[in-house]
>>> print(open('upload_1.csv').read())   # CSV, N, CA, C and O atoms
chain,number,residue,atom,x,y,z
A,1,MET,N,4.9,-12.4,2.1
A,1,MET,CA,6.2,-12.4,2.7
A,1,MET,C,7.2,-13.3,1.9
A,1,MET,O,8.3,-13.1,1.9
A,2,ALA,N,6.6,-14.3,1.3
A,2,ALA,CA,7.4,-15.2,0.5
A,2,ALA,C,8.0,-14.5,-0.7
A,2,ALA,O,9.1,-14.8,-1.1
A,3,TYR,N,7.3,-13.6,-1.2
A,3,TYR,CA,7.7,-12.8,-2.4
A,3,TYR,C,8.9,-11.9,-2.0
A,3,TYR,O,9.9,-11.8,-2.8
A,4,ASN,N,8.9,-11.4,-0.8
A,4,ASN,CA,10.1,-10.6,-0.4
A,4,ASN,C,11.3,-11.4,-0.2
A,4,ASN,O,12.4,-11.0,-0.6
A,5,LYS,N,11.2,-12.6,0.3
A,5,LYS,CA,12.3,-13.5,0.4
A,5,LYS,C,12.9,-14.0,-0.9
A,5,LYS,O,14.1,-14.0,-1.2
A,6,LEU,N,11.9,-14.3,-1.8
A,6,LEU,CA,12.3,-14.7,-3.2
A,6,LEU,C,13.0,-13.5,-3.9
A,6,LEU,O,14.1,-13.7,-4.5
A,7,PHE,N,12.5,-12.3,-3.7
A,7,PHE,CA,13.1,-11.2,-4.4
A,7,PHE,C,14.5,-10.9,-3.8
A,7,PHE,O,15.5,-10.7,-4.6
A,8,THR,N,14.7,-11.1,-2.5
A,8,THR,CA,16.0,-10.9,-1.9
A,8,THR,C,17.0,-12.0,-2.4
A,8,THR,O,18.2,-11.6,-2.7
A,9,VAL,N,16.6,-13.2,-2.5
A,9,VAL,CA,17.5,-14.3,-3.0
A,9,VAL,C,17.8,-14.0,-4.4
A,9,VAL,O,19.0,-14.1,-4.8
A,10,VAL,N,16.9,-13.6,-5.3
A,10,VAL,CA,17.2,-13.4,-6.7
A,10,VAL,C,18.1,-12.2,-6.8
A,10,VAL,O,19.1,-12.2,-7.6
A,11,LEU,N,17.9,-11.1,-6.0
A,11,LEU,CA,18.8,-10.0,-6.1
A,11,LEU,C,20.2,-10.3,-5.7
A,11,LEU,O,21.1,-9.9,-6.3
A,12,LEU,N,20.3,-11.1,-4.6
A,12,LEU,CA,21.7,-11.5,-4.2
A,12,LEU,C,22.4,-12.4,-5.2
A,12,LEU,O,23.6,-12.2,-5.5
A,13,LEU,N,21.6,-13.3,-5.9
A,13,LEU,CA,22.2,-14.1,-6.9
A,13,LEU,C,22.6,-13.3,-8.1
A,13,LEU,O,23.7,-13.5,-8.7
A,14,LEU,N,21.9,-12.3,-8.5
A,14,LEU,CA,22.2,-11.4,-9.6
A,14,LEU,C,23.5,-10.6,-9.2
A,14,LEU,O,24.3,-10.3,-10.1
A,15,CYS,N,23.5,-10.1,-8.0
A,15,CYS,CA,24.7,-9.3,-7.6
A,15,CYS,C,26.0,-10.2,-7.6
A,15,CYS,O,27.0,-9.8,-8.1
A,16,ASN,N,25.9,-11.4,-7.1
A,16,ASN,CA,27.0,-12.3,-7.2
A,16,ASN,C,27.4,-12.7,-8.6
A,16,ASN,O,28.6,-12.9,-8.9
A,17,LEU,N,26.4,-12.8,-9.5
A,17,LEU,CA,26.7,-13.1,-10.9
A,17,LEU,C,27.5,-12.0,-11.5
A,17,LEU,O,28.4,-12.2,-12.3
A,18,THR,N,27.1,-10.7,-11.3
A,18,THR,CA,27.8,-9.6,-11.9
A,18,THR,C,29.2,-9.5,-11.3
A,18,THR,O,30.1,-9.2,-12.1
A,19,VAL,N,29.4,-9.8,-10.1
A,19,VAL,CA,30.8,-9.8,-9.5
A,19,VAL,C,31.6,-10.9,-10.1
A,19,VAL,O,32.8,-10.7,-10.5
A,20,ALA,N,31.0,-12.1,-10.4
A,20,ALA,CA,31.7,-13.2,-10.9
A,20,ALA,C,32.1,-12.9,-12.4
A,20,ALA,O,33.1,-13.4,-12.9
A,21,LEU,N,31.2,-12.2,-13.1
A,21,LEU,CA,31.5,-12.0,-14.6
A,21,LEU,C,32.4,-10.8,-14.8
A,21,LEU,O,33.0,-10.7,-15.9
A,22,THR,N,32.7,-10.0,-13.9
A,22,THR,CA,33.6,-8.8,-14.1
A,22,THR,C,35.0,-9.3,-14.0
A,22,THR,O,35.3,-10.3,-13.4
A,23,ASP,N,35.9,-8.5,-14.6
A,23,ASP,CA,37.3,-8.9,-14.5
A,23,ASP,C,37.8,-8.6,-13.1
A,23,ASP,O,37.7,-7.5,-12.6
A,24,SER,N,38.4,-9.6,-12.5
A,24,SER,CA,38.8,-9.5,-11.1
A,24,SER,C,40.1,-8.7,-11.0
A,24,SER,O,40.5,-8.3,-9.9
A,25,SER,N,40.9,-8.4,-12.1
A,25,SER,CA,42.1,-7.7,-12.0
A,25,SER,C,41.9,-6.2,-12.0
A,25,SER,O,42.8,-5.4,-11.7
A,26,VAL,N,40.7,-5.7,-12.2
A,26,VAL,CA,40.4,-4.3,-12.2
A,26,VAL,C,40.1,-3.9,-10.7
A,26,VAL,O,39.4,-4.5,-10.0
A,27,SER,N,40.8,-2.8,-10.3
A,27,SER,CA,40.6,-2.3,-8.9
A,27,SER,C,39.4,-1.4,-8.8
A,27,SER,O,38.8,-1.0,-9.8
A,28,CYS,N,39.0,-1.2,-7.6
A,28,CYS,CA,37.8,-0.3,-7.4
A,28,CYS,C,38.1,1.1,-7.8
A,28,CYS,O,39.3,1.6,-7.8
A,29,TYR,N,37.1,1.8,-8.0
A,29,TYR,CA,37.2,3.3,-8.4
A,29,TYR,C,37.5,4.0,-7.1
A,29,TYR,O,36.9,3.9,-6.1
A,30,ARG,N,38.5,4.9,-7.2
A,30,ARG,CA,39.0,5.7,-6.0
A,30,ARG,C,38.4,7.1,-6.1
A,30,ARG,O,38.5,7.7,-7.1
A,31,ILE,N,37.8,7.5,-5.0
A,31,ILE,CA,37.3,8.8,-4.9
A,31,ILE,C,38.2,9.7,-4.0
A,31,ILE,O,38.6,9.2,-3.0
A,32,ASP,N,38.5,10.9,-4.5
A,32,ASP,CA,39.4,11.7,-3.8
A,32,ASP,C,38.8,12.2,-2.5
A,32,ASP,O,37.5,12.3,-2.4
A,33,PRO,N,39.6,12.4,-1.4
A,33,PRO,CA,39.1,12.9,-0.1
A,33,PRO,C,38.4,14.2,-0.2
A,33,PRO,O,37.4,14.5,0.5
A,34,GLY,N,38.8,15.1,-1.1
A,34,GLY,CA,38.2,16.4,-1.3
A,34,GLY,C,36.8,16.2,-1.8
A,34,GLY,O,35.9,17.0,-1.5
A,35,THR,N,36.6,15.3,-2.7
A,35,THR,CA,35.2,15.0,-3.3
A,35,THR,C,34.3,14.5,-2.2
A,35,THR,O,33.1,15.0,-2.0
A,36,ILE,N,34.8,13.6,-1.3
A,36,ILE,CA,34.0,13.1,-0.2
A,36,ILE,C,33.6,14.2,0.8
A,36,ILE,O,32.5,14.3,1.2
A,37,ALA,N,34.6,15.1,1.1
A,37,ALA,CA,34.4,16.2,2.0
A,37,ALA,C,33.4,17.1,1.4
A,37,ALA,O,32.5,17.7,2.1
A,38,GLY,N,33.4,17.4,0.1
A,38,GLY,CA,32.5,18.3,-0.6
A,38,GLY,C,31.1,17.7,-0.5
A,38,GLY,O,30.1,18.4,-0.3
A,39,ILE,N,30.9,16.4,-0.7
A,39,ILE,CA,29.6,15.8,-0.6
A,39,ILE,C,29.1,15.8,0.8
A,39,ILE,O,27.9,16.1,1.0
A,40,ILE,N,29.9,15.6,1.8
A,40,ILE,CA,29.5,15.7,3.2
A,40,ILE,C,29.0,17.1,3.5
A,40,ILE,O,28.0,17.3,4.2
A,41,CYS,N,29.8,18.1,3.1
A,41,CYS,CA,29.5,19.5,3.4
A,41,CYS,C,28.2,19.9,2.7
A,41,CYS,O,27.3,20.6,3.3
A,42,ALA,N,28.0,19.5,1.5
A,42,ALA,CA,26.8,19.8,0.8
A,42,ALA,C,25.6,19.1,1.4
A,42,ALA,O,24.5,19.7,1.5
A,43,ASP,N,25.8,17.9,1.9
A,43,ASP,CA,24.7,17.2,2.6
A,43,ASP,C,24.3,17.9,3.9
A,43,ASP,O,23.1,18.1,4.2
A,44,ILE,N,25.3,18.3,4.7
A,44,ILE,CA,25.0,19.0,5.9
A,44,ILE,C,24.3,20.4,5.6
A,44,ILE,O,23.3,20.7,6.3
A,45,LEU,N,24.8,21.1,4.6
A,45,LEU,CA,24.2,22.4,4.2
A,45,LEU,C,22.7,22.2,3.8
A,45,LEU,O,21.8,22.9,4.2
A,46,LEU,N,22.5,21.2,3.0
A,46,LEU,CA,21.1,20.9,2.5
A,46,LEU,C,20.2,20.5,3.7
A,46,LEU,O,19.0,21.0,3.8
A,47,THR,N,20.7,19.7,4.6
A,47,THR,CA,19.9,19.3,5.8
A,47,THR,C,19.6,20.5,6.6
A,47,THR,O,18.4,20.7,7.1
A,48,LEU,N,20.5,21.4,6.8
A,48,LEU,CA,20.3,22.7,7.6
A,48,LEU,C,19.2,23.5,6.9
A,48,LEU,O,18.4,24.1,7.6
A,49,ILE,N,19.3,23.7,5.6
A,49,ILE,CA,18.3,24.5,4.9
A,49,ILE,C,16.9,23.9,5.1
A,49,ILE,O,16.0,24.6,5.3
A,50,ILE,N,16.8,22.6,4.9
A,50,ILE,CA,15.5,21.9,5.1
A,50,ILE,C,15.0,22.1,6.5
A,50,ILE,O,13.8,22.4,6.7
A,51,VAL,N,15.8,22.0,7.5
A,51,VAL,CA,15.4,22.2,8.9
A,51,VAL,C,14.9,23.6,9.1
A,51,VAL,O,13.9,23.9,9.8
A,52,ILE,N,15.7,24.6,8.6
A,52,ILE,CA,15.4,26.0,8.9
A,52,ILE,C,14.0,26.4,8.2
A,52,ILE,O,13.2,27.0,8.7
A,53,VAL,N,13.9,25.9,6.9
A,53,VAL,CA,12.6,26.2,6.2
A,53,VAL,C,11.4,25.6,6.9
A,53,VAL,O,10.4,26.2,7.0
A,54,THR,N,11.6,24.3,7.4
A,54,THR,CA,10.5,23.7,8.1
A,54,THR,C,10.2,24.4,9.4
A,54,THR,O,9.0,24.6,9.7
A,55,TYR,N,11.2,24.8,10.1
A,55,TYR,CA,10.9,25.5,11.3
A,55,TYR,C,10.2,26.9,11.1
A,55,TYR,O,9.3,27.2,11.8
A,56,ARG,N,10.7,27.6,10.1
A,56,ARG,CA,10.0,28.9,9.7
A,56,ARG,C,8.6,28.7,9.3
A,56,ARG,O,7.7,29.5,9.7
A,57,CYS,N,8.3,27.7,8.5
A,57,CYS,CA,6.9,27.4,8.1
A,57,CYS,C,6.0,27.0,9.3
A,57,CYS,O,4.9,27.5,9.4
A,58,ALA,N,6.6,26.2,10.2
A,58,ALA,CA,5.8,25.8,11.3
A,58,ALA,C,5.6,26.9,12.3
A,58,ALA,O,4.5,27.1,12.8
A,59,SER,N,6.5,27.8,12.5
A,59,SER,CA,6.4,28.9,13.4
A,59,SER,C,5.4,29.9,12.8
A,59,SER,O,4.6,30.6,13.6
A,60,PHE,N,5.4,30.1,11.5
A,60,PHE,CA,4.5,31.0,10.9
A,60,PHE,C,3.1,30.5,11.1
A,60,PHE,O,2.2,31.3,11.4
A,61,ARG,N,2.9,29.2,10.9
A,61,ARG,CA,1.5,28.7,11.0
A,61,ARG,C,1.1,28.8,12.5
A,61,ARG,O,-0.1,29.1,12.8
A,62,ARG,N,2.0,28.5,13.4
A,62,ARG,CA,1.6,28.6,14.9
A,62,ARG,C,1.3,30.0,15.2
A,62,ARG,O,0.3,30.3,15.9
A,63,GLN,N,2.0,31.0,14.7
A,63,GLN,CA,1.7,32.4,15.0
A,63,GLN,C,0.4,32.8,14.4
A,63,GLN,O,-0.4,33.5,15.0
A,64,LYS,N,0.0,32.3,13.2
A,64,LYS,CA,-1.3,32.6,12.6
A,64,LYS,C,-2.4,32.0,13.5
A,64,LYS,O,-3.4,32.7,13.7
A,65,ILE,N,-2.2,30.8,14.0
A,65,ILE,CA,-3.3,30.2,14.9
A,65,ILE,C,-3.4,31.0,16.2
A,65,ILE,O,-4.5,31.2,16.7
A,66,GLU,N,-2.3,31.4,16.8
A,66,GLU,CA,-2.3,32.2,18.0
A,66,GLU,C,-3.0,33.5,17.8
A,66,GLU,O,-3.7,34.0,18.7
A,67,ASN,N,-2.7,34.1,16.7
A,67,ASN,CA,-3.3,35.4,16.4
A,67,ASN,C,-4.8,35.3,16.1
A,67,ASN,O,-5.5,36.3,16.1
A,68,ALA,N,-5.3,34.1,15.7
A,68,ALA,CA,-6.7,33.9,15.4
A,68,ALA,C,-7.6,34.2,16.7
A,68,ALA,O,-8.7,34.5,16.5
A,69,ASP,N,-7.0,34.0,17.9
A,69,ASP,CA,-7.8,34.3,19.1
A,69,ASP,C,-8.1,35.7,19.3
A,69,ASP,O,-9.0,36.1,20.1
A,70,LYS,N,-7.4,36.6,18.6
A,70,LYS,CA,-7.5,38.0,18.8
A,70,LYS,C,-8.6,38.7,17.9
A,70,LYS,O,-8.8,39.9,18.0
A,71,VAL,N,-9.1,37.9,17.0
A,71,VAL,CA,-10.1,38.4,16.1
A,71,VAL,C,-11.5,38.0,16.5
A,71,VAL,O,-11.7,37.2,17.4
A,72,TYR,N,-12.5,38.5,15.8
A,72,TYR,CA,-13.9,38.2,16.1
A,72,TYR,C,-14.1,36.7,15.9
A,72,TYR,O,-13.5,36.0,15.1
A,73,MET,N,-15.1,36.2,16.5
A,73,MET,CA,-15.4,34.7,16.5
A,73,MET,C,-15.8,34.2,15.1
A,73,MET,O,-15.3,33.1,14.8
A,74,ASN,N,-16.5,35.0,14.3
A,74,ASN,CA,-16.9,34.5,13.0
A,74,ASN,C,-15.7,34.4,12.0
A,74,ASN,O,-15.7,33.7,11.1
A,75,VAL,N,-14.7,35.2,12.2
A,75,VAL,CA,-13.5,35.3,11.4
A,75,VAL,C,-12.5,34.2,11.8
A,75,VAL,O,-11.7,33.7,11.1
A,76,ARG,N,-12.5,33.9,13.1
A,76,ARG,CA,-11.5,33.0,13.7
A,76,ARG,C,-11.5,31.6,13.0
A,76,ARG,O,-10.5,31.0,12.8
A,77,ALA,N,-12.7,31.1,12.7
A,77,ALA,CA,-12.8,29.8,12.1
A,77,ALA,C,-12.1,29.8,10.7
A,77,ALA,O,-11.5,28.8,10.4
A,78,ASN,N,-12.1,30.9,10.0
A,78,ASN,CA,-11.5,30.9,8.7
A,78,ASN,C,-9.9,31.0,8.8
A,78,ASN,O,-9.2,30.5,8.0
A,79,CYS,N,-9.4,31.5,9.9
A,79,CYS,CA,-8.0,31.7,10.1
A,79,CYS,C,-7.3,30.4,10.5
A,79,CYS,O,-6.2,30.1,10.3
A,80,LYS,N,-8.1,29.5,11.2
A,80,LYS,CA,-7.5,28.3,11.7
A,80,LYS,C,-7.4,27.1,10.7
A,80,LYS,O,-6.7,26.1,11.0
A,81,THR,N,-7.9,27.3,9.5
A,81,THR,CA,-7.8,26.2,8.6
A,81,THR,C,-6.6,26.3,7.7
A,81,THR,O,-5.9,27.2,7.7
>>> encode(input="upload_1.csv", output="C-alpha coordinates")
Amino acid sequence: MAYNKLFTVVLLLLCNLTVALTDSSVSCYRIDPGTIAGIICADILLTLIIVIVTYRCASFRRQKIENADKVYMNVRANCKT
(Lines of atoms letter the chains of each structure in order from A and count residues from 1; the text may use other names and numbers.)
(Lines give C-alpha, C1' and ligand atoms only; values in the text may rest on other atoms or scores of the structure.)
Protein backbone atom coordinates (compact mmCIF):
# COMPACT_ATOMS: atom_id res chain seq x y z
CA MET A 1 0.00 0.00 0.00
CA ALA A 2 2.91 2.32 0.69
CA TYR A 3 4.14 1.87 -2.88
CA ASN A 4 0.79 3.08 -4.23
CA LYS A 5 0.93 6.23 -2.11
CA LEU A 6 4.54 6.86 -3.08
CA PHE A 7 3.70 6.37 -6.75
CA THR A 8 0.78 8.81 -6.48
CA VAL A 9 2.93 11.46 -4.79
CA VAL A 10 5.70 11.10 -7.39
CA LEU A 11 3.18 11.26 -10.22
CA LEU A 12 1.60 14.42 -8.81
CA LEU A 13 5.00 16.04 -8.36
CA LEU A 14 5.97 15.23 -11.94
CA CYS A 15 2.69 16.64 -13.23
CA ASN A 16 3.18 19.84 -11.26
CA LEU A 17 6.75 20.07 -12.52
CA THR A 18 5.68 19.85 -16.15
CA VAL A 19 3.04 22.54 -15.58
CA ALA A 20 5.61 24.79 -13.93
CA LEU A 21 8.15 24.32 -16.73
CA THR A 22 5.77 25.07 -19.59
CA ASP A 23 5.24 28.56 -20.88
CA SER A 24 2.27 30.01 -19.01
CA SER A 25 1.35 32.41 -21.84
CA VAL A 26 0.31 29.55 -24.14
CA SER A 27 -3.41 28.85 -24.09
CA CYS A 28 -4.98 25.42 -24.05
CA TYR A 29 -5.67 23.55 -27.26
CA ARG A 30 -9.22 24.19 -28.46
CA ILE A 31 -11.26 21.31 -29.89
CA ASP A 32 -14.10 22.15 -32.26
CA PRO A 33 -17.62 21.19 -31.12
CA GLY A 34 -18.07 19.15 -34.31
CA THR A 35 -15.06 17.02 -33.40
CA ILE A 36 -16.41 16.40 -29.91
CA ALA A 37 -19.83 15.51 -31.33
CA GLY A 38 -18.19 13.10 -33.78
CA ILE A 39 -16.23 11.39 -31.02
CA ILE A 40 -19.36 11.03 -28.88
CA CYS A 41 -21.40 9.63 -31.80
CA ALA A 42 -18.64 7.17 -32.69
CA ASP A 43 -18.43 6.07 -29.05
CA ILE A 44 -22.19 5.49 -28.87
CA LEU A 45 -22.14 3.58 -32.16
CA LEU A 46 -19.23 1.38 -31.06
CA THR A 47 -20.95 0.69 -27.72
CA LEU A 48 -24.16 -0.35 -29.50
CA ILE A 49 -22.23 -2.65 -31.84
CA ILE A 50 -20.50 -4.34 -28.88
CA VAL A 51 -23.83 -4.78 -27.05
CA ILE A 52 -25.57 -6.23 -30.13
CA VAL A 53 -22.74 -8.67 -30.92
CA THR A 54 -22.59 -9.80 -27.28
CA TYR A 55 -26.36 -10.30 -27.18
CA ARG A 56 -26.35 -12.29 -30.44
CA CYS A 57 -23.52 -14.55 -29.26
CA ALA A 58 -25.19 -15.16 -25.90
CA SER A 59 -28.58 -15.93 -27.46
CA PHE A 60 -26.97 -18.28 -29.98
CA ARG A 61 -25.25 -20.17 -27.16
CA ARG A 62 -28.47 -20.27 -25.10
CA GLN A 63 -30.39 -21.62 -28.10
CA LYS A 64 -27.73 -24.29 -28.64
CA ILE A 65 -28.01 -25.42 -25.00
CA GLU A 66 -31.83 -25.48 -25.17
CA ASN A 67 -31.74 -27.54 -28.37
CA ALA A 68 -29.41 -30.02 -26.70
CA ASP A 69 -32.36 -31.39 -24.72
CA LYS A 70 -34.00 -32.54 -27.96
CA VAL A 71 -31.22 -34.92 -28.99
CA TYR A 72 -30.16 -38.30 -27.68
CA MET A 73 -28.54 -38.48 -24.29
CA ASN A 74 -25.06 -39.47 -25.51
CA VAL A 75 -24.89 -36.56 -27.98
CA ARG A 76 -26.31 -34.03 -25.49
CA ALA A 77 -23.13 -33.93 -23.44
CA ASN A 78 -21.12 -32.88 -26.49
CA CYS A 79 -23.50 -30.03 -27.35
CA LYS A 80 -23.42 -28.38 -23.90
CA THR A 81 -19.67 -27.75 -23.81
>>> atom_distance(input="upload_1.csv", atom1="atom O of Arg30 in chain A", atom2="CA of Asp43 in chain A")
19.4 Å
>>> atom_distance(input="upload_1.csv", atom1="CA of Cys15 in chain A", atom2="CA of Tyr29 in chain A")
17.8 Å
>>> atom_distance(input="upload_1.csv", atom1="CA of Arg56 in chain A", atom2="CA of Gly38 in chain A")
26.9 Å
